[in-house]
Amino acid sequence: METITTSLDGAVGTITVNRPEVRNALSKTVLGEIGAVLDAWEDDASVGAVVFTGAGEKAFVAGADITQLAGYDLAYGLAAHMQKLYDRIEDYPKPTIAALNGVAMGGGLELAMSCDIRVAAVGTKMGLPEATLGVLPGAGGTQRLTRLVGTGRAVEMILTSRVLTAGEAERYGLVTAVVPREDLGATAAATAATILSKGPLAVRLGKLVIRQGADADQKTGLLLERLAQTLLYTTEDKAEGAAAFLAKRPAEFAGR
Ligand SMILES: CCCCCCCCCCCCC[C@H](O)CC(=O)SCCNC(=O)CCNC(=O)[C@H](O)C(C)(C)COP(=O)(O)OP(=O)(O)OC[C@H]1O[C@@H](n2cnc3c(N)ncnc32)[C@H](O)[C@@H]1OP(=O)(O)O
């Protein structure tokens with residue numbers, strides 16, 4: 001694997017996004033490699049749960065790789081790839097836990113929200129800053145954030161690109177625990193082990209019933225998000241948003 005590493009500790013498998021030089025930004029290669037591991041582990045009875053985390057201490061995942069925006073097709077391709085992977089993680093037949101070791105932004109927070117449970121290290125931050133780039137969260141964030149924190153807080157976060165501290169995220173219910181960095185891995189593993197000690201059928205059905213029930217109208221919302229994104233990814237503002245980030249300057253949006 002070029003961009004991720006994996007490890008197994010008993011029945012708990014861990015996938016680590018390993019591009020610390022770009023704050024673990026998600027390229028098509030990362031998405032493909034995560035999908036391949038999920039394929040292998042889905043039918044492996046020795047793997048009972050999956051933990052996602054990031055390499056290094058600065059970032060869990062900084063979002064989609066903004067440099068991979070050469071053109072609409074590539075960007076849209078990355079979007080479709082990411083959307084399919086996150087929908088898959090949400091419906092994965094084994095418990096999934098995001099261990100936020102560092103900042104989780106955009107598609108990185110969307111990855112974490114596709115997991116069943118999120119735990120964060122003290123000092124981590126998280127948000128959906130896509131509007132700063134001239135676009136919207138396009139990998140489920142508009143729907144999953146709303147279901148986790150409520151419409152009012154989700155609208156404020158997405159329209160202002162506000163970044164939450166770990167404490168705020170816990171108060172919002174976006175993460176279930178904030179622990180010292182040195183305890184993060186053990187906390188995620190212990191949570192997974194506790195779940196795996198329960199009735200396997202109850203766990204498998206419970207995860208699906210709770211999430212599908214809560215998300216009954218999520219499919220419509222995801223369709224609306226993707227329609228909006230399709231529009232936004234053809235705009236000059238999208239190109240300006242990416243160019244401004246890479247040039248480390250404020251974007252000058254034209255509104256078209
Ligand atoms: C118009 C843009 C559209 C974006 C992507 C489109 C893809 C197709 C759609 C996919 C589906 C939607 C997915 C999702 O909804 C959309 C996104 O995820 S968009 C990206 C959202 N994320 C961000 O905007 C975060 C950007 N990064 C930061 O704010 C900061 O880097 C940080 C994460 C807060 C960390 O800050 P620092 O620790 O100070 O580190 P630096 O800023 O100095 O960065 C170090 C180094 O890493 C590079 N880098 C960081 N983030 C990204 C990234 N997301 N993509 C590519 N590269 C990234 C940064 O440029 C630095 O590089 P260097 O200057 O050292 O060469």
# chains A, B, ... in the order shown; residues from 1 in each chain; ligands from 1
$ residues_near_ligand --ligand "ligand 1" --cutoff "8 Å" --atoms "only C-alpha atoms and all ligand atoms" --output "PyMOL selection string"
chain A and resi 20-26+58-59+61-69+74-83+103-108+110+128-130+132-141+233+237-243+245-246
$ select_by_dssp --residues "range 79-186 of chain A" --states "strand (DSSP E)" --output "VMD selection string"
chain A and resid 96 to 100 103 to 105 117 to 121 125 to 127 163 to 165 177 to 179
$ write_last_selection --atoms "C-alpha atoms" --output "PDB file, in the first residue's frame"
ATOM      1  CA  THR A  96     -16.376   1.220  12.525  1.00  0.00           C
ATOM      2  CA  ILE A  97     -14.652   3.768  14.781  1.00  0.00           C
ATOM      3  CA  ALA A  98     -12.836   6.968  13.767  1.00  0.00           C
ATOM      4  CA  ALA A  99      -9.913   7.794  16.088  1.00  0.00           C
ATOM      5  CA  LEU A 100      -9.287  11.496  15.467  1.00  0.00           C
ATOM      6  CA  VAL A 103      -7.452  17.916  12.545  1.00  0.00           C
ATOM      7  CA  ALA A 104     -10.370  16.464  10.554  1.00  0.00           C
ATOM      8  CA  MET A 105     -11.487  18.798   7.779  1.00  0.00           C
ATOM      9  CA  ILE A 117     -18.419   6.144  16.460  1.00  0.00           C
ATOM     10  CA  ARG A 118     -15.891   9.008  16.697  1.00  0.00           C
ATOM     11  CA  VAL A 119     -13.381   9.528  19.521  1.00  0.00           C
ATOM     12  CA  ALA A 120     -10.946  12.462  19.521  1.00  0.00           C
ATOM     13  CA  ALA A 121      -7.594  13.273  21.055  1.00  0.00           C
ATOM     14  CA  LYS A 125     -10.143  20.296  15.689  1.00  0.00           C
ATOM     15  CA  MET A 126     -12.744  19.518  13.057  1.00  0.00           C
ATOM     16  CA  GLY A 127     -14.936  21.277  10.506  1.00  0.00           C
ATOM     17  CA  VAL A 163     -13.854  24.743  13.024  1.00  0.00           C
ATOM     18  CA  LEU A 164     -14.832  23.077  16.326  1.00  0.00           C
ATOM     19  CA  THR A 165     -12.469  22.266  19.154  1.00  0.00           C
ATOM     20  CA  ALA A 177     -15.196  11.023  23.891  1.00  0.00           C
ATOM     21  CA  VAL A 178     -12.152  13.311  24.096  1.00  0.00           C
ATOM     22  CA  VAL A 179      -9.095  11.611  25.578  1.00  0.00           C
TER      23      VAL A 179
END
$ residues_around --residues "range 2-19 of chain A" --least-positions-apart "4" --cutoff "9 Å" --atoms "only C-alpha atoms" --output "PDB file with all heavy atoms, in the first residue's frame"
ATOM      1  N   ARG A  23      -0.993  16.454   5.222  1.00  0.00           N
ATOM      2  CA  ARG A  23      -1.987  16.324   6.291  1.00  0.00           C
ATOM      3  C   ARG A  23      -3.023  15.240   6.000  1.00  0.00           C
ATOM      4  O   ARG A  23      -4.203  15.382   6.247  1.00  0.00           O
ATOM      5  CB  ARG A  23      -2.682  17.672   6.550  1.00  0.00           C
ATOM      6  CG  ARG A  23      -1.736  18.794   6.974  1.00  0.00           C
ATOM      7  CD  ARG A  23      -1.032  18.486   8.289  1.00  0.00           C
ATOM      8  NE  ARG A  23      -0.153  19.579   8.707  1.00  0.00           N
ATOM      9  CZ  ARG A  23       1.141  19.645   8.471  1.00  0.00           C
ATOM     10  NH1 ARG A  23       1.746  18.655   7.772  1.00  0.00           N
ATOM     11  NH2 ARG A  23       1.874  20.671   8.899  1.00  0.00           N
ATOM     12  N   ASN A  24      -2.492  14.155   5.399  1.00  0.00           N
ATOM     13  CA  ASN A  24      -3.303  12.958   5.108  1.00  0.00           C
ATOM     14  C   ASN A  24      -4.487  13.250   4.188  1.00  0.00           C
ATOM     15  O   ASN A  24      -5.545  12.613   4.295  1.00  0.00           O
ATOM     16  CB  ASN A  24      -3.770  12.298   6.411  1.00  0.00           C
ATOM     17  CG  ASN A  24      -2.606  11.858   7.296  1.00  0.00           C
ATOM     18  OD1 ASN A  24      -1.552  11.446   6.782  1.00  0.00           O
ATOM     19  ND2 ASN A  24      -2.749  11.984   8.609  1.00  0.00           N
ATOM     20  N   ALA A  25      -4.285  14.216   3.268  1.00  0.00           N
ATOM     21  CA  ALA A  25      -5.345  14.533   2.294  1.00  0.00           C
ATOM     22  C   ALA A  25      -5.669  13.294   1.464  1.00  0.00           C
ATOM     23  O   ALA A  25      -4.811  12.463   1.190  1.00  0.00           O
ATOM     24  CB  ALA A  25      -4.887  15.669   1.382  1.00  0.00           C
ATOM     25  N   LEU A  26      -6.919  13.214   1.037  1.00  0.00           N
ATOM     26  CA  LEU A  26      -7.417  12.016   0.363  1.00  0.00           C
ATOM     27  C   LEU A  26      -7.286  12.142  -1.149  1.00  0.00           C
ATOM     28  O   LEU A  26      -7.939  12.974  -1.766  1.00  0.00           O
ATOM     29  CB  LEU A  26      -8.893  11.806   0.720  1.00  0.00           C
ATOM     30  CG  LEU A  26      -9.193  11.545   2.197  1.00  0.00           C
ATOM     31  CD1 LEU A  26     -10.688  11.592   2.448  1.00  0.00           C
ATOM     32  CD2 LEU A  26      -8.616  10.219   2.650  1.00  0.00           C
ATOM     33  N   SER A  27      -6.446  11.298  -1.728  1.00  0.00           N
ATOM     34  CA  SER A  27      -6.346  11.203  -3.188  1.00  0.00           C
ATOM     35  C   SER A  27      -7.150   9.989  -3.639  1.00  0.00           C
ATOM     36  O   SER A  27      -7.622   9.197  -2.810  1.00  0.00           O
ATOM     37  CB  SER A  27      -4.877  10.996  -3.569  1.00  0.00           C
ATOM     38  OG  SER A  27      -4.417   9.778  -2.961  1.00  0.00           O
ATOM     39  N   THR A  29      -5.941   7.415  -4.894  1.00  0.00           N
ATOM     40  CA  THR A  29      -5.186   6.231  -4.449  1.00  0.00           C
ATOM     41  C   THR A  29      -5.564   5.854  -3.018  1.00  0.00           C
ATOM     42  O   THR A  29      -5.808   4.685  -2.704  1.00  0.00           O
ATOM     43  CB  THR A  29      -3.662   6.489  -4.534  1.00  0.00           C
ATOM     44  OG1 THR A  29      -3.339   6.880  -5.864  1.00  0.00           O
ATOM     45  CG2 THR A  29      -2.874   5.259  -4.148  1.00  0.00           C
ATOM     46  N   VAL A  30      -5.654   6.853  -2.150  1.00  0.00           N
ATOM     47  CA  VAL A  30      -6.030   6.576  -0.752  1.00  0.00           C
ATOM     48  C   VAL A  30      -7.401   5.897  -0.720  1.00  0.00           C
ATOM     49  O   VAL A  30      -7.588   4.866  -0.065  1.00  0.00           O
ATOM     50  CB  VAL A  30      -6.087   7.866   0.074  1.00  0.00           C
ATOM     51  CG1 VAL A  30      -6.602   7.570   1.479  1.00  0.00           C
ATOM     52  CG2 VAL A  30      -4.733   8.556   0.155  1.00  0.00           C
ATOM     53  N   GLU A  33      -7.233   2.328  -1.922  1.00  0.00           N
ATOM     54  CA  GLU A  33      -6.555   1.425  -0.994  1.00  0.00           C
ATOM     55  C   GLU A  33      -7.415   1.127   0.230  1.00  0.00           C
ATOM     56  O   GLU A  33      -7.465  -0.008   0.721  1.00  0.00           O
ATOM     57  CB  GLU A  33      -5.192   1.990  -0.602  1.00  0.00           C
ATOM     58  CG  GLU A  33      -4.209   1.999  -1.779  1.00  0.00           C
ATOM     59  CD  GLU A  33      -2.809   2.464  -1.418  1.00  0.00           C
ATOM     60  OE1 GLU A  33      -2.636   3.061  -0.326  1.00  0.00           O
ATOM     61  OE2 GLU A  33      -1.878   2.232  -2.215  1.00  0.00           O
ATOM     62  N   ILE A  34      -8.146   2.125   0.707  1.00  0.00           N
ATOM     63  CA  ILE A  34      -9.079   1.874   1.829  1.00  0.00           C
ATOM     64  C   ILE A  34     -10.147   0.878   1.384  1.00  0.00           C
ATOM     65  O   ILE A  34     -10.452  -0.091   2.092  1.00  0.00           O
ATOM     66  CB  ILE A  34      -9.731   3.186   2.311  1.00  0.00           C
ATOM     67  CG1 ILE A  34      -8.700   4.085   3.003  1.00  0.00           C
ATOM     68  CG2 ILE A  34     -10.900   2.882   3.259  1.00  0.00           C
ATOM     69  CD1 ILE A  34      -9.243   5.456   3.399  1.00  0.00           C
ATOM     70  N   VAL A  37      -8.849  -2.719   1.366  1.00  0.00           N
ATOM     71  CA  VAL A  37      -8.729  -3.313   2.708  1.00  0.00           C
ATOM     72  C   VAL A  37     -10.108  -3.678   3.251  1.00  0.00           C
ATOM     73  O   VAL A  37     -10.312  -4.755   3.827  1.00  0.00           O
ATOM     74  CB  VAL A  37      -8.014  -2.338   3.666  1.00  0.00           C
ATOM     75  CG1 VAL A  37      -8.039  -2.855   5.103  1.00  0.00           C
ATOM     76  CG2 VAL A  37      -6.557  -2.131   3.226  1.00  0.00           C
ATOM     77  N   TRP A  41     -11.238  -7.341   4.559  1.00  0.00           N
ATOM     78  CA  TRP A  41     -11.640  -7.550   5.951  1.00  0.00           C
ATOM     79  C   TRP A  41     -13.113  -7.907   6.071  1.00  0.00           C
ATOM     80  O   TRP A  41     -13.520  -8.512   7.059  1.00  0.00           O
ATOM     81  CB  TRP A  41     -11.314  -6.313   6.775  1.00  0.00           C
ATOM     82  CG  TRP A  41      -9.848  -6.153   7.065  1.00  0.00           C
ATOM     83  CD1 TRP A  41      -8.852  -7.034   6.703  1.00  0.00           C
ATOM     84  CD2 TRP A  41      -9.211  -5.072   7.736  1.00  0.00           C
ATOM     85  NE1 TRP A  41      -7.640  -6.548   7.116  1.00  0.00           N
ATOM     86  CE2 TRP A  41      -7.818  -5.352   7.758  1.00  0.00           C
ATOM     87  CE3 TRP A  41      -9.656  -3.893   8.334  1.00  0.00           C
ATOM     88  CZ2 TRP A  41      -6.890  -4.491   8.349  1.00  0.00           C
ATOM     89  CZ3 TRP A  41      -8.729  -3.034   8.929  1.00  0.00           C
ATOM     90  CH2 TRP A  41      -7.369  -3.333   8.931  1.00  0.00           C
ATOM     91  N   ALA A  45     -13.281 -13.456   8.966  1.00  0.00           N
ATOM     92  CA  ALA A  45     -13.953 -13.630  10.271  1.00  0.00           C
ATOM     93  C   ALA A  45     -13.050 -13.217  11.431  1.00  0.00           C
ATOM     94  O   ALA A  45     -13.528 -12.926  12.534  1.00  0.00           O
ATOM     95  CB  ALA A  45     -14.386 -15.077  10.437  1.00  0.00           C
ATOM     96  N   SER A  46     -11.730 -13.131  11.183  1.00  0.00           N
ATOM     97  CA  SER A  46     -10.827 -12.771  12.296  1.00  0.00           C
ATOM     98  C   SER A  46     -10.847 -11.267  12.563  1.00  0.00           C
ATOM     99  O   SER A  46     -10.329 -10.808  13.583  1.00  0.00           O
ATOM    100  CB  SER A  46      -9.396 -13.214  11.956  1.00  0.00           C
ATOM    101  OG  SER A  46      -8.876 -12.419  10.896  1.00  0.00           O
ATOM    102  N   VAL A  47     -11.414 -10.505  11.626  1.00  0.00           N
ATOM    103  CA  VAL A  47     -11.516  -9.050  11.819  1.00  0.00           C
ATOM    104  C   VAL A  47     -12.956  -8.721  12.209  1.00  0.00           C
ATOM    105  O   VAL A  47     -13.880  -8.946  11.441  1.00  0.00           O
ATOM    106  CB  VAL A  47     -11.134  -8.280  10.536  1.00  0.00           C
ATOM    107  CG1 VAL A  47     -11.266  -6.760  10.773  1.00  0.00           C
ATOM    108  CG2 VAL A  47      -9.714  -8.624  10.115  1.00  0.00           C
ATOM    109  N   GLY A  48     -13.126  -8.210  13.427  1.00  0.00           N
ATOM    110  CA  GLY A  48     -14.478  -7.948  13.926  1.00  0.00           C
ATOM    111  C   GLY A  48     -14.894  -6.494  13.854  1.00  0.00           C
ATOM    112  O   GLY A  48     -16.080  -6.169  13.797  1.00  0.00           O
ATOM    113  N   ALA A  49     -13.888  -5.591  13.883  1.00  0.00           N
ATOM    114  CA  ALA A  49     -14.204  -4.148  13.878  1.00  0.00           C
ATOM    115  C   ALA A  49     -13.076  -3.410  13.172  1.00  0.00           C
ATOM    116  O   ALA A  49     -11.948  -3.920  13.071  1.00  0.00           O
ATOM    117  CB  ALA A  49     -14.361  -3.633  15.303  1.00  0.00           C
ATOM    118  N   VAL A  50     -13.371  -2.187  12.688  1.00  0.00           N
ATOM    119  CA  VAL A  50     -12.383  -1.407  11.937  1.00  0.00           C
ATOM    120  C   VAL A  50     -12.233  -0.019  12.545  1.00  0.00           C
ATOM    121  O   VAL A  50     -13.247   0.658  12.796  1.00  0.00           O
ATOM    122  CB  VAL A  50     -12.787  -1.264  10.452  1.00  0.00           C
ATOM    123  CG1 VAL A  50     -11.717  -0.472   9.673  1.00  0.00           C
ATOM    124  CG2 VAL A  50     -12.984  -2.646   9.812  1.00  0.00           C
ATOM    125  N   VAL A  51     -10.995   0.365  12.820  1.00  0.00           N
ATOM    126  CA  VAL A  51     -10.681   1.713  13.316  1.00  0.00           C
ATOM    127  C   VAL A  51      -9.967   2.466  12.192  1.00  0.00           C
ATOM    128  O   VAL A  51      -9.106   1.918  11.511  1.00  0.00           O
ATOM    129  CB  VAL A  51      -9.770   1.643  14.558  1.00  0.00           C
ATOM    130  CG1 VAL A  51      -9.284   3.038  14.965  1.00  0.00           C
ATOM    131  CG2 VAL A  51     -10.513   0.988  15.734  1.00  0.00           C
ATOM    132  N   PHE A  52     -10.383   3.750  11.991  1.00  0.00           N
ATOM    133  CA  PHE A  52      -9.717   4.623  11.011  1.00  0.00           C
ATOM    134  C   PHE A  52      -8.964   5.699  11.784  1.00  0.00           C
ATOM    135  O   PHE A  52      -9.498   6.280  12.736  1.00  0.00           O
ATOM    136  CB  PHE A  52     -10.741   5.305  10.100  1.00  0.00           C
ATOM    137  CG  PHE A  52     -11.458   4.371   9.147  1.00  0.00           C
ATOM    138  CD1 PHE A  52     -12.615   3.718   9.545  1.00  0.00           C
ATOM    139  CD2 PHE A  52     -10.972   4.148   7.870  1.00  0.00           C
ATOM    140  CE1 PHE A  52     -13.284   2.863   8.675  1.00  0.00           C
ATOM    141  CE2 PHE A  52     -11.640   3.293   6.991  1.00  0.00           C
ATOM    142  CZ  PHE A  52     -12.795   2.642   7.396  1.00  0.00           C
ATOM    143  N   THR A  53      -7.733   5.972  11.383  1.00  0.00           N
ATOM    144  CA  THR A  53      -6.986   7.062  11.998  1.00  0.00           C
ATOM    145  C   THR A  53      -5.997   7.648  10.992  1.00  0.00           C
ATOM    146  O   THR A  53      -5.936   7.191   9.842  1.00  0.00           O
ATOM    147  CB  THR A  53      -6.279   6.579  13.292  1.00  0.00           C
ATOM    148  OG1 THR A  53      -5.854   7.738  14.049  1.00  0.00           O
ATOM    149  CG2 THR A  53      -5.079   5.708  12.981  1.00  0.00           C
ATOM    150  N   GLY A  54      -5.233   8.679  11.421  1.00  0.00           N
ATOM    151  CA  GLY A  54      -4.282   9.321  10.509  1.00  0.00           C
ATOM    152  C   GLY A  54      -2.858   9.200  11.020  1.00  0.00           C
ATOM    153  O   GLY A  54      -2.646   9.077  12.230  1.00  0.00           O
ATOM    154  N   ALA A  55      -1.903   9.275  10.108  1.00  0.00           N
ATOM    155  CA  ALA A  55      -0.482   9.206  10.494  1.00  0.00           C
ATOM    156  C   ALA A  55      -0.053  10.565  11.027  1.00  0.00           C
ATOM    157  O   ALA A  55      -0.536  11.609  10.575  1.00  0.00           O
ATOM    158  CB  ALA A  55       0.361   8.820   9.280  1.00  0.00           C
ATOM    159  N   GLY A  56       0.827  10.541  11.995  1.00  0.00           N
ATOM    160  CA  GLY A  56       1.335  11.784  12.569  1.00  0.00           C
ATOM    161  C   GLY A  56       0.391  12.338  13.621  1.00  0.00           C
ATOM    162  O   GLY A  56      -0.659  11.763  13.933  1.00  0.00           O
ATOM    163  N   PHE A  60      -5.846  14.071  11.287  1.00  0.00           N
ATOM    164  CA  PHE A  60      -6.549  12.799  10.990  1.00  0.00           C
ATOM    165  C   PHE A  60      -6.562  12.715   9.465  1.00  0.00           C
ATOM    166  O   PHE A  60      -5.806  11.964   8.866  1.00  0.00           O
ATOM    167  CB  PHE A  60      -7.955  12.846  11.608  1.00  0.00           C
ATOM    168  CG  PHE A  60      -8.888  11.751  11.162  1.00  0.00           C
ATOM    169  CD1 PHE A  60      -8.680  10.428  11.554  1.00  0.00           C
ATOM    170  CD2 PHE A  60      -9.982  12.027  10.336  1.00  0.00           C
ATOM    171  CE1 PHE A  60      -9.552   9.403  11.143  1.00  0.00           C
ATOM    172  CE2 PHE A  60     -10.846  11.018   9.925  1.00  0.00           C
ATOM    173  CZ  PHE A  60     -10.623   9.708  10.324  1.00  0.00           C
ATOM    174  N   VAL A  61      -7.402  13.587   8.846  1.00  0.00           N
ATOM    175  CA  VAL A  61      -7.437  13.734   7.382  1.00  0.00           C
ATOM    176  C   VAL A  61      -7.859  15.166   7.055  1.00  0.00           C
ATOM    177  O   VAL A  61      -8.861  15.658   7.577  1.00  0.00           O
ATOM    178  CB  VAL A  61      -8.447  12.748   6.735  1.00  0.00           C
ATOM    179  CG1 VAL A  61      -8.651  13.080   5.254  1.00  0.00           C
ATOM    180  CG2 VAL A  61      -7.969  11.302   6.883  1.00  0.00           C
ATOM    181  N   ALA A 189      -9.694   1.039  20.588  1.00  0.00           N
ATOM    182  CA  ALA A 189      -9.618  -0.440  20.618  1.00  0.00           C
ATOM    183  C   ALA A 189     -10.518  -1.007  21.707  1.00  0.00           C
ATOM    184  O   ALA A 189     -11.209  -2.012  21.512  1.00  0.00           O
ATOM    185  CB  ALA A 189      -8.182  -0.871  20.848  1.00  0.00           C
ATOM    186  N   ALA A 192     -14.103  -0.856  20.596  1.00  0.00           N
ATOM    187  CA  ALA A 192     -14.355  -1.938  19.626  1.00  0.00           C
ATOM    188  C   ALA A 192     -14.469  -3.282  20.349  1.00  0.00           C
ATOM    189  O   ALA A 192     -15.401  -4.064  20.099  1.00  0.00           O
ATOM    190  CB  ALA A 192     -13.232  -1.991  18.602  1.00  0.00           C
ATOM    191  N   ALA A 193     -13.573  -3.513  21.295  1.00  0.00           N
ATOM    192  CA  ALA A 193     -13.583  -4.799  22.012  1.00  0.00           C
ATOM    193  C   ALA A 193     -14.872  -4.968  22.814  1.00  0.00           C
ATOM    194  O   ALA A 193     -15.465  -6.047  22.870  1.00  0.00           O
ATOM    195  CB  ALA A 193     -12.374  -4.879  22.933  1.00  0.00           C
ATOM    196  N   LEU A 196     -17.558  -5.904  20.475  1.00  0.00           N
ATOM    197  CA  LEU A 196     -17.374  -7.290  20.002  1.00  0.00           C
ATOM    198  C   LEU A 196     -17.673  -8.310  21.090  1.00  0.00           C
ATOM    199  O   LEU A 196     -17.813  -9.498  20.820  1.00  0.00           O
ATOM    200  CB  LEU A 196     -15.949  -7.477  19.466  1.00  0.00           C
ATOM    201  CG  LEU A 196     -15.625  -6.673  18.209  1.00  0.00           C
ATOM    202  CD1 LEU A 196     -14.176  -6.881  17.788  1.00  0.00           C
ATOM    203  CD2 LEU A 196     -16.581  -7.023  17.074  1.00  0.00           C
TER     204      LEU A 196
END
$ select_by_dssp --residues "range 215-244 of chain A" --states "helix (DSSP H, G or I)" --output "list of chain:residue names"
A:Gln218, A:Lys219, A:Thr220, A:Gly221, A:Leu222, A:Leu223, A:Leu224, A:Glu225, A:Arg226, A:Leu227, A:Ala228, A:Gln229, A:Thr230, A:Leu231, A:Leu232, A:Glu236, A:Asp237, A:Lys238, A:Ala239, A:Glu240, A:Gly241, A:Ala242, A:Ala243, A:Ala244
$ atom_distance --atom1 "CA of Gly35 in chain A" --atom2 "CA of Tyr86 in chain A"
9.8 Å
$ atom_distance --atom1 "CA of Ala131 in chain A" --atom2 "CA of Arg226 in chain A"
15.1 Å
$ atom_distance --atom1 "CA of Asp87 in chain A" --atom2 "CA of Val149 in chain A"
19.0 Å
$ closest_residue --among "A:Glu156, A:Asp217, A:Asp73, A:Asp116" --to "Lys94 in chain A" --atoms "only C-alpha atoms"
A:Asp116
$ closest_residue --among "A:Ala154, A:Ala228, A:Met1, A:Leu201" --to "Gly173 in chain A" --atoms "only C-alpha atoms"
A:Ala154
